[in-house]
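Working notes, beginning with the structure itself.
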Amino acid sequence: MNTISRLKSEELRGIGEDMYRMIVELYPICRSITGNGYRQTMRRIQEIIPISIQEVPSGTEVFDWTIPKEWNIRDAYVKGPSGKKVIDFNQHNLHVMQYSVPVHLKMPLQELKHHLYSLPDHPEWIPYRTSYYKENWGFCLSQKQLDCLEEGEYEVVIDSSLEDGHLTYGEYRIQGESDEEVLFSCHCCHPSLCNDNLSGIALTSRLAGILTGLSLRYSYRFLFIPGAIGSITWLSKNEEVASRIKHGLVVTGVGDSGAFHYKKSRRGDAEIDRVVQYVLKHSGKSYQVRDFSPYGYDERQYCSPGFNLPVGSLTRTPHGSYPQYHTSADNLEFVSADALVDSLSIYIEVVRVLENNRHYQNLNPKCEVRLGKRGLYRTIGGEIGQPLNEFALLWVLNLSDGDHSLLDIAERSGLAFMTILQSAQALLQHQLLQECST
Amino acid sequence: MNTISRLKSEELRGIGEDMYRMIVELYPICRSITGNGYRQTMRRIQEIIPISIQEVPSGTEVFDWTIPKEWNIRDAYVKGPSGKKVIDFNQHNLHVMQYSVPVHLKMPLQELKHHLYSLPDHPEWIPYRTSYYKENWGFCLSQKQLDCLEEGEYEVVIDSSLEDGHLTYGEYRIQGESDEEVLFSCHCCHPSLCNDNLSGIALTSRLAGILTGLSLRYSYRFLFIPGAIGSITWLSKNEEVASRIKHGLVVTGVGDSGAFHYKKSRRGDAEIDRVVQYVLKHSGKSYQVRDFSPYGYDERQYCSPGFNLPVGSLTRTPHGSYPQYHTSADNLEFVSADALVDSLSIYIEVVRVLENNRHYQNLNPKCEVRLGKRGLYRTIGGEIGQPLNEFALLWVLNLSDGDHSLLDIAERSGLAFMTILQSAQALLQHQLLQECST
Amino acid sequence: MNTISRLKSEELRGIGEDMYRMIVELYPICRSITGNGYRQTMRRIQEIIPISIQEVPSGTEVFDWTIPKEWNIRDAYVKGPSGKKVIDFNQHNLHVMQYSVPVHLKMPLQELKHHLYSLPDHPEWIPYRTSYYKENWGFCLSQKQLDCLEEGEYEVVIDSSLEDGHLTYGEYRIQGESDEEVLFSCHCCHPSLCNDNLSGIALTSRLAGILTGLSLRYSYRFLFIPGAIGSITWLSKNEEVASRIKHGLVVTGVGDSGAFHYKKSRRGDAEIDRVVQYVLKHSGKSYQVRDFSPYGYDERQYCSPGFNLPVGSLTRTPHGSYPQYHTSADNLEFVSADALVDSLSIYIEVVRVLENNRHYQNLNPKCEVRLGKRGLYRTIGGEIGQPLNEFALLWVLNLSDGDHSLLDIAERSGLAFMTILQSAQALLQHQLLQECST
């Protein structure tokens with residue numbers, strides 16, 4: 001079977017367009033943390049990978065939380081004094097505050113305004129608002145729309161349901177040699193927002209698809225969950241599985257054109273933290289690294305002190321740092337096939353390093369081995385410039401004492417991880433190394 | 001009972017003037033490491049706080065040292081060839097070298113000069129000199145005075161006594177919840193020198209007064225001792241108490257207008273070191289931090305390797321770094337009520353952080369707790385700007401694993417200690433945290 | 001008996017010229033990793049110190065290696081079409097590739113060129129080439145010579161022998177108080193190359209001569225070995241001795257005029273690493289420090305993971321970093337008596353610090369001791385400027401808790417090691433310190 005190391009970069013061509021197309025298809029669906037839009041999204045992912053779809057009943061207790069009622073919406077609008085619809089859910093999913101309770105009311109503009117949300121600084125954009133845990137209703141609209149509303153009586157209709165039902169999430173697992181797992185988690189609860197997080201859904205699905213069928217060292221788990229309540233639910237139902245997670249990333253905001261940002265795990269020095277930083281450093285791309293903070297996405301839950309999992313988050317521009325964030329401007333123009341495939345290639349490189357970052361023991365630790373008699377060495381001495389892989393062979397032999405991983409050796413030698421890996425593989429073939437059991 | 005956290009800054013108003021007045025009263029007294037001037041000073045402190053006055057007999061062995069004879073002086077002068085007093089102890093305490101033995105002699109100027117000390121670089125100032133451990137006598141005078149002395153015979157009179165007696169020191173202790181102690185130590189052995197260390201006496205007395213009657217976590221000990229021999233004596237008689245000192249500061253040079261200087265304890269990373277640096281960093285005032293060195297004040301003894309106590313020294317301009325140091329120019333003009341109260345406020349802030357720098361355990365460590373249902377959280381999601389204390393709540397919950405103190409959390413989050421403290425208190429009230437036993 | 005601390009710098013005068021003369025004498029000898037040139041070199045070293053000469057038979061297995069056949073060469077030349085010698089071993093040892101097998105052949109220029117080595121970038125210089133482990137033959141010549149060769153038939157003669165014999169090396173040991181050893185290792189296998197490594201031979205011999213007869217704390221071992229195979233052989237035969245090596249340096253490239261370079265041991269924080277860096281830092285000379293890498297000289301073997309000895313390498317310009325390296329331009333003009341004696345003085349200083357870098361225990365650890373009553377202190381207090389050695393006395397007393405070596409104290413205090421050492425010696429004389437057993 002093929003391994004991640006043999007994956008050719010040509011195979012990524014075209015995947016950018018595939019990912020973008022998936023975003024285009026998913027964009028019109030009104031997702032929330034529960035409901036039929038969520039289920040529809042999971043079914044679209046099943047076209048790529050056979051995720052299992054979990055349904056958890058409303059009212060289920062998950063740690064300090066309770067699975068909320070299921071929310072579904074059919075229609076919603078506001079009619080002005082003239083009887084014309086001035087806000088219409090059919091125009092944009094963001095027009096309705098998520099989890100708005102059903103209403104059918106008449107009221108003057110002044111009263112209505114208590115339920116309207118706009119962005120004065122970005123008068124063309126519709127904001128994204130939710131009220132998951134307090135019963136409420138509201139409409140979001142552009143400041144321009146708001147400014148046009150005349151005094152008079154308005155009719156408000158929200159044809160939604162908020163009833164006992166289920167929280168839905170998708171899960172997919174690839175069994176590797178080891179039961180130790182690598183986790184990729186993305187939230188799927190946002191309605192028509194592209195970077196946050198249709199980009200994460202598209203990338204995670206494709207990454208899962210690529211890894212399927214490869215010969216893998218680790219097992220891989222992919223979670224397609226509603227933000228916060230979803231990871232809380234999954235952790236609550238999978239405490240024992242969670243203890244096998246050795247590395248993880250929260251996948252979000254990977255479709256915009258900004259520089260990469262890596263947010264470290266709470267531990268700060270976990271292997272995933274070192275690997276992602278190593279890959280970004282050697283990617284030739286601009287990037288920034290941030291320390292962990294207990295706000296953001298589902299790393300909040302994975303890195304809560306009772307779990308403290310080695311889970312970071314690898315994004316492009318971080319949430320909240322771009323004005324389009326959580327507005328209607330996070331749309332199909334804000335993301336691109338090129339950015340998506342660029343992000344995917346970094347994720348693949350991270351997997352490549354994780355898969356190969358083993359510890360070896362030099363079987364001839366006393367003095368150097370004679371590389372020459374094994375055909376691993378030049379034969380005429382005295383020249384200054386030695387071919388690169390000789391240095392790599394010497395570094396691997398010198399540092400393979402069980403304490404240094406191949407990443408340690410790459411970092412200390414300044415040589416590329418793949419060069420170090422190739423040397424280690426050559427030495428393994430000559431019975432000069434053996435892998436350390438961990 | 002009130003706590004240090006509730007102390008209002010208004011309550012400090014007026015205390016600057018009080019401290020300055022105390023310095024004015026103590027300035028004329030001729031103190032030395034023993035003697036009646038020292039006792040008189042202790043009695044003045046008793047007007048503020050009920051210190052106990054200890055008397056240790058001359059000849060008592062204290063580690064490698066012996067309590068010296070008690071020195072008292074009534075009068076001293078030098079009469080010139082004309083019979084006029086050219087140097088007069090009654091004009092300034094510094095005119096006589098401390099511990100000068102009684103003499104009544106006549107001698108020519110050339111012989112007298114072997115016993116005269118002046119400062120050629122500062123011709124108006126009288127230096128401060130001592131000879132505690134070698135019997136000697138001498139006079140200090142300004143270079144200007146010295147230059148005026150004519151050839152001829154001089155009469156030297158020192159009406160002092162150097163006899164078996166006692167070493168005196170003052171001690172005051174406030175019992176807190178815990179027997180673990182915070183030490184404030186100031187030397188009181190200098191005669192008419194204001195910054196070094198009447199400023200320390202004034203500040204330490206007032207700080208003790210303020211803490212008296214508050215509800216305190218730690219017990220507090222205040223030492224009013226002669227420099228070096230005093231701390232050696234106290235440590236020699238209180239080895240078991242010393243082992244309970246968890247934090248300490250040597251208080252000196254806190255009345256001048258210079259920037260703050262913190263000299264770290266020998267350990268360098270003790271909690272007191274981190275707390276003082278944190279307070280100075282957030283004070284908005286200019287300051288410098290210096291590593292420990294085994295010279296300076298009584299931190300030399302507290303930080304000797306057999307004790308190695310976590311005791312630093314928080315001063316303004318450090319000893320030896322201002323020209324007025326140990327001269328008659330360290331006078332009432334060199335210190336000010338404003339500088340004194342400014343120093344006091346930093347000391348109070350240090351106590352405030354020490355008192356509150358506890359370790360807590362998050363009682364719901366798996367995933368986040370639902371702040372909303374406890375009224376600790378906004379209810380409408382999706383906005384970028386969250387009020388500050390929500391971040392603080394999340395930081396406290398995330399890092400309260402028993403390993404992180406509130407100061408650790410403040411430093412890691414970048415939020416103010418008081419903001420972190422308020423969050424911790426709110427979480428405690430909601431039974432979301434419990435204090436870790438230490 | 002004298003100690004290294006009492007060695008006067010005057011005694012080094014003249015040694016520079018001695019070392020340079022030794023290089024002049026050894027330069028014409030054709031050394032290789034085995035053979036009579038090597039033996040002749042060892043005998044010259046015996047004129048300075050009584051090294052024992054070891055002979056290890058060809059075919060002996062040493063770890064992963066086998067002692068090669070012994071190579072000796074009597075004559076070698078290439079005659080051109082005109083019958084004139086165009087390359088002549090008698091003109092320069094470097095003209096023949098080391099370990100060239102005996103040949104007597106005729107061949108056209110085109111075929112001959114497959115066996116010729118030159119340096120196009122340095123047309124006047126002859127390169128240095130070897131083929132120890134693959135049977136081959138070759139000639140090295142300047143590019144200028146090569147360019148003059150006409151088409152036609154050439155006669156090639158190499159009158160060498162490659163037969164079972166021995167590998168030779170020299171070893172010298174000085175017994176000190178302790179059986180723990182300091183190792184100085186230099187390779188002696190290069191023919192007419194001055195900096196690499198006649199300079200190392202000259203320095204190591206003289207250093208050994210100077211240490212002989214001194215009263216020493218450590219035992220000292222000096223190895224005069226062929227590069228790589230020599231250290232492998234020695235380690236293979238001396239595993240138990242190797243475990244007693246506490247500090248070591250590979251001595252090479254110490255005769256050129258470049259800045260010093262210290263290459264750290266694989267450990268990176270061994271005492272030898274700290275000592276050499278300290279000495280260089282305080283030498284007033286320019287220097288650089290490099291991390292360990294598993295290529296270079298015999299530190300490759302000493303620092304292989306199965307030994308991981310604390311052995312660094314102290315050179316001037318490092319190997320491969322000067323164009324003259326491994327060419328005929330590494331000649332008698334490239335090294336100088338001044339550079340040699342300058343390097344020697346650094347090596348001596350390193351030994352001086354190693355010999356004296358002990359841990360002491362303050363016997364009066366509680367509070368300061370009274371220096372005054374022991375005549376170690378000024379008697380009149382109150383002055384700002386204290387003589388330097390008082391600070392040193394206080395530092396030594398404060399940090400002599402068994403955890404800090406004198407080098408630690410020098411580094412933390414910022415005072416010179418010798419000042420700290422003198423203070424420690426004064427305190428020892430007064431029974432205020434005792435040495436810690438290690």
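Every chain in the structure tokens has a letter given in the order shown (A, B, ...), and although residue numbers restart at 1 in each chain, ligands are simply numbered from 1 in the order shown.
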
| message | Please extract the residues of stretch 385-431 of chain B with a backbone DSSP assignment of strand (DSSP E) and present them as a PyMOL selection string. | response | chain B and resi 401-405

Distance table requested - chain C against chain A, cut-off 6 Å, only C-alpha atoms: one row per qualifying residue with the closest atom pair and its distance in Å to one decimal, ordered by chain and rising residue number, as CSV.
residue,atom,partner,partner_atom,distance
C:Asp64,CA,A:Val369,CA,5.5
C:Arg129,CA,A:Gly382,CA,5.1
C:Thr130,CA,A:Gly381,CA,5.2
C:Ser131,CA,A:Ile380,CA,5.1
C:Pro294,CA,A:Leu394,CA,5.9
C:Gln301,CA,A:Cys367,CA,4.5
C:Ser304,CA,A:Cys367,CA,5.1
C:Pro305,CA,A:Pro365,CA,5.3
C:Gly306,CA,A:Pro365,CA,4.3
C:Gly320,CA,A:Ile384,CA,6.0

May I have the selected residues written with N, CA, C and O atoms, as a PDB file, in the first residue's frame?
ATOM      1  N   ASP C  64      33.372  -1.400  14.082  1.00  0.00           N
ATOM      2  CA  ASP C  64      32.890  -1.743  12.739  1.00  0.00           C
ATOM      3  C   ASP C  64      34.017  -1.731  11.688  1.00  0.00           C
ATOM      4  O   ASP C  64      33.767  -1.963  10.511  1.00  0.00           O
ATOM      5  N   ARG C 129      44.979  14.209  -1.471  1.00  0.00           N
ATOM      6  CA  ARG C 129      43.947  13.194  -1.681  1.00  0.00           C
ATOM      7  C   ARG C 129      44.373  11.863  -1.082  1.00  0.00           C
ATOM      8  O   ARG C 129      45.573  11.553  -1.028  1.00  0.00           O
ATOM      9  N   THR C 130      43.380  11.092  -0.658  1.00  0.00           N
ATOM     10  CA  THR C 130      43.645   9.782  -0.057  1.00  0.00           C
ATOM     11  C   THR C 130      42.663   8.767  -0.620  1.00  0.00           C
ATOM     12  O   THR C 130      41.591   9.133  -1.098  1.00  0.00           O
ATOM     13  N   SER C 131      43.044   7.511  -0.565  1.00  0.00           N
ATOM     14  CA  SER C 131      42.102   6.423  -0.885  1.00  0.00           C
ATOM     15  C   SER C 131      42.413   5.230   0.016  1.00  0.00           C
ATOM     16  O   SER C 131      42.871   4.188  -0.424  1.00  0.00           O
ATOM     17  N   PRO C 294      28.445  16.012  13.634  1.00  0.00           N
ATOM     18  CA  PRO C 294      29.122  14.720  13.581  1.00  0.00           C
ATOM     19  C   PRO C 294      30.066  14.598  12.385  1.00  0.00           C
ATOM     20  O   PRO C 294      30.174  13.546  11.808  1.00  0.00           O
ATOM     21  N   GLN C 301      34.332  10.415  16.810  1.00  0.00           N
ATOM     22  CA  GLN C 301      34.371   9.106  17.470  1.00  0.00           C
ATOM     23  C   GLN C 301      34.140   9.256  18.976  1.00  0.00           C
ATOM     24  O   GLN C 301      33.356   8.528  19.570  1.00  0.00           O
ATOM     25  N   SER C 304      30.602   9.789  19.578  1.00  0.00           N
ATOM     26  CA  SER C 304      29.599   8.862  19.045  1.00  0.00           C
ATOM     27  C   SER C 304      28.680   8.481  20.203  1.00  0.00           C
ATOM     28  O   SER C 304      29.086   8.517  21.369  1.00  0.00           O
ATOM     29  N   PRO C 305      27.421   8.135  19.910  1.00  0.00           N
ATOM     30  CA  PRO C 305      26.442   8.019  21.001  1.00  0.00           C
ATOM     31  C   PRO C 305      26.802   6.954  22.030  1.00  0.00           C
ATOM     32  O   PRO C 305      26.411   7.075  23.189  1.00  0.00           O
ATOM     33  N   GLY C 306      27.547   5.927  21.632  1.00  0.00           N
ATOM     34  CA  GLY C 306      27.922   4.892  22.591  1.00  0.00           C
ATOM     35  C   GLY C 306      28.988   5.342  23.576  1.00  0.00           C
ATOM     36  O   GLY C 306      29.186   4.701  24.606  1.00  0.00           O
ATOM     37  N   GLY C 320      38.335  23.215   6.594  1.00  0.00           N
ATOM     38  CA  GLY C 320      37.420  23.444   5.491  1.00  0.00           C
ATOM     39  C   GLY C 320      37.032  24.894   5.305  1.00  0.00           C
ATOM     40  O   GLY C 320      36.394  25.248   4.322  1.00  0.00           O
TER      41      GLY C 320
END

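Once A:Ala329 and its same-chain neighbours fewer than 2 positions away are set aside, His92, Leu94, Leu119, His122, Pro123, Glu124, Trp125, Ile126, Pro127, Tyr128, Ser142, Ser192, Leu193, Cys194, Asn195, Asp196, Asp256, Tyr322, Pro323, Gln324, Tyr325, His326, Thr327, Asn331, Leu332, Glu333, Phe334 and Val335 of chain A remain within 12 Å of it when counting only C-alpha atoms.
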
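Of the listed residues (A:Asp273, A:Val311, A:Arg13, A:Ser328), A:Ser328 comes nearest to A:Leu141; the distances count only C-alpha atoms.
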
If we count only C-alpha atoms and set the cut-off at 8 Å, which residues sit around A:Lys263, ignoring sequence neighbours fewer than 5 positions away in its own chain? Please answer as a compact mmCIF listing (two decimals) with N, CA and C atoms, in the first residue's frame.
# COMPACT_ATOMS: atom_id res chain seq x y z
N VAL A 289 2.93 32.32 14.70
CA VAL A 289 2.61 31.34 15.72
C VAL A 289 2.08 32.09 16.93
N ARG A 290 0.99 31.59 17.50
CA ARG A 290 0.40 32.22 18.69
C ARG A 290 0.35 31.21 19.82
N ASP A 291 0.51 31.72 21.01
CA ASP A 291 0.34 30.84 22.17
C ASP A 291 -1.13 30.47 22.33
N PHE A 292 -1.36 29.41 23.03
CA PHE A 292 -2.72 29.00 23.35
C PHE A 292 -3.44 30.08 24.13
N GLY A 312 -3.77 21.67 18.56
CA GLY A 312 -3.61 23.08 18.17
C GLY A 312 -4.61 23.43 17.10
N SER A 313 -4.44 24.61 16.55
CA SER A 313 -5.33 25.01 15.46
C SER A 313 -4.52 25.69 14.38
N LEU A 314 -4.64 25.15 13.17
CA LEU A 314 -3.87 25.68 12.04
C LEU A 314 -4.84 26.32 11.06

| said: I'd like the neighbourhood of A:Ile346 as a ChimeraX atom specification, where a residue qualifies if any of its atoms comes within 10 Å (using only C-alpha atoms), though same-chain residues fewer than 3 positions away should be ignored. | reply: /A:260,276,279-280,283,285,314,341-343,349-352

| request: Could you give me, as a list of chain:residue names, the residues within 12 Å of C:Glu17, counting only C-alpha atoms and dropping anything in the same chain fewer than 2 positions from it? | output: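 So the residues in contact are C:Leu12, C:Arg13, C:Gly14, C:Ile15, C:Met19, C:Tyr20, C:Arg21, C:Met22, C:Ile23, C:Val24, C:Ala202, C:Leu203, C:Arg206, C:Gly255, C:Val335, C:Ser336, C:Ala337, C:Asp338, C:Ala339, C:Leu340, C:Val341, C:Asp342.
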
Could you pull the residues within 10 Å of B:Ser437, counting only C-alpha atoms, minus those fewer than 2 positions along the same chain, as a PDB file with all heavy atoms, in the first residue's frame?
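Ended up saving to part.pdb:
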ATOM      1  N   ARG B 358      -3.155  32.696  45.100  1.00  0.00           N
ATOM      2  CA  ARG B 358      -3.438  31.311  45.485  1.00  0.00           C
ATOM      3  C   ARG B 358      -3.525  30.417  44.258  1.00  0.00           C
ATOM      4  O   ARG B 358      -3.626  30.890  43.122  1.00  0.00           O
ATOM      5  CB  ARG B 358      -4.765  31.258  46.244  1.00  0.00           C
ATOM      6  CG  ARG B 358      -4.724  32.054  47.553  1.00  0.00           C
ATOM      7  CD  ARG B 358      -6.092  32.102  48.197  1.00  0.00           C
ATOM      8  NE  ARG B 358      -6.175  33.166  49.173  1.00  0.00           N
ATOM      9  CZ  ARG B 358      -6.126  32.972  50.500  1.00  0.00           C
ATOM     10  NH1 ARG B 358      -5.981  31.765  50.993  1.00  0.00           N
ATOM     11  NH2 ARG B 358      -6.214  33.996  51.334  1.00  0.00           N
ATOM     12  N   HIS B 359      -3.525  29.146  44.518  1.00  0.00           N
ATOM     13  CA  HIS B 359      -3.727  28.133  43.474  1.00  0.00           C
ATOM     14  C   HIS B 359      -5.142  27.567  43.621  1.00  0.00           C
ATOM     15  O   HIS B 359      -5.550  27.220  44.731  1.00  0.00           O
ATOM     16  CB  HIS B 359      -2.743  26.966  43.635  1.00  0.00           C
ATOM     17  CG  HIS B 359      -1.340  27.308  43.279  1.00  0.00           C
ATOM     18  ND1 HIS B 359      -0.553  28.112  44.065  1.00  0.00           N
ATOM     19  CD2 HIS B 359      -0.575  26.932  42.219  1.00  0.00           C
ATOM     20  CE1 HIS B 359       0.641  28.232  43.506  1.00  0.00           C
ATOM     21  NE2 HIS B 359       0.659  27.530  42.390  1.00  0.00           N
ATOM     22  N   TYR B 360      -5.841  27.454  42.518  1.00  0.00           N
ATOM     23  CA  TYR B 360      -7.190  26.904  42.555  1.00  0.00           C
ATOM     24  C   TYR B 360      -7.305  25.693  41.638  1.00  0.00           C
ATOM     25  O   TYR B 360      -6.506  25.510  40.715  1.00  0.00           O
ATOM     26  CB  TYR B 360      -8.214  27.968  42.121  1.00  0.00           C
ATOM     27  CG  TYR B 360      -8.276  29.124  43.066  1.00  0.00           C
ATOM     28  CD1 TYR B 360      -7.555  30.287  42.817  1.00  0.00           C
ATOM     29  CD2 TYR B 360      -9.024  29.045  44.240  1.00  0.00           C
ATOM     30  CE1 TYR B 360      -7.585  31.349  43.710  1.00  0.00           C
ATOM     31  CE2 TYR B 360      -9.061  30.103  45.141  1.00  0.00           C
ATOM     32  CZ  TYR B 360      -8.341  31.250  44.872  1.00  0.00           C
ATOM     33  OH  TYR B 360      -8.378  32.288  45.752  1.00  0.00           O
ATOM     34  N   GLN B 361      -8.321  24.923  41.897  1.00  0.00           N
ATOM     35  CA  GLN B 361      -8.645  23.754  41.084  1.00  0.00           C
ATOM     36  C   GLN B 361      -9.996  24.009  40.444  1.00  0.00           C
ATOM     37  O   GLN B 361     -10.964  24.329  41.142  1.00  0.00           O
ATOM     38  CB  GLN B 361      -8.705  22.524  42.006  1.00  0.00           C
ATOM     39  CG  GLN B 361      -8.732  21.200  41.305  1.00  0.00           C
ATOM     40  CD  GLN B 361      -7.325  20.717  40.949  1.00  0.00           C
ATOM     41  OE1 GLN B 361      -6.389  20.920  41.721  1.00  0.00           O
ATOM     42  NE2 GLN B 361      -7.181  20.125  39.780  1.00  0.00           N
ATOM     43  N   GLY B 402      -4.281  23.462  39.514  1.00  0.00           N
ATOM     44  CA  GLY B 402      -3.456  23.234  40.696  1.00  0.00           C
ATOM     45  C   GLY B 402      -2.008  23.625  40.493  1.00  0.00           C
ATOM     46  O   GLY B 402      -1.297  23.900  41.445  1.00  0.00           O
ATOM     47  N   GLN B 434     -12.094  25.449  43.618  1.00  0.00           N
ATOM     48  CA  GLN B 434     -11.784  25.341  45.043  1.00  0.00           C
ATOM     49  C   GLN B 434     -10.305  25.592  45.232  1.00  0.00           C
ATOM     50  O   GLN B 434      -9.494  25.316  44.345  1.00  0.00           O
ATOM     51  CB  GLN B 434     -12.206  23.989  45.630  1.00  0.00           C
ATOM     52  CG  GLN B 434     -11.265  22.855  45.331  1.00  0.00           C
ATOM     53  CD  GLN B 434     -11.745  21.549  45.964  1.00  0.00           C
ATOM     54  OE1 GLN B 434     -12.870  21.447  46.432  1.00  0.00           O
ATOM     55  NE2 GLN B 434     -10.901  20.538  45.945  1.00  0.00           N
ATOM     56  N   GLU B 435      -9.961  26.155  46.380  1.00  0.00           N
ATOM     57  CA  GLU B 435      -8.556  26.457  46.605  1.00  0.00           C
ATOM     58  C   GLU B 435      -7.779  25.164  46.820  1.00  0.00           C
ATOM     59  O   GLU B 435      -8.265  24.226  47.459  1.00  0.00           O
ATOM     60  CB  GLU B 435      -8.403  27.368  47.831  1.00  0.00           C
ATOM     61  CG  GLU B 435      -6.992  27.926  47.914  1.00  0.00           C
ATOM     62  CD  GLU B 435      -6.752  28.798  49.135  1.00  0.00           C
ATOM     63  OE1 GLU B 435      -7.738  29.222  49.766  1.00  0.00           O
ATOM     64  OE2 GLU B 435      -5.570  29.025  49.444  1.00  0.00           O
TER      65      GLU B 435
END

| Between atom CA of A:Ile33 and atom CA of A:Val250, distance in Å (one decimal) |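 The value is 17.1 Å.
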
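Our summary of the geometry notes that atom CA of B:Asn93 is positioned 16.0 Å from atom CA of B:Tyr132.
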
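Reported to one decimal place, the separation of atom CA of A:Gln46 from atom CA of A:Ile225 is 14.2 Å.
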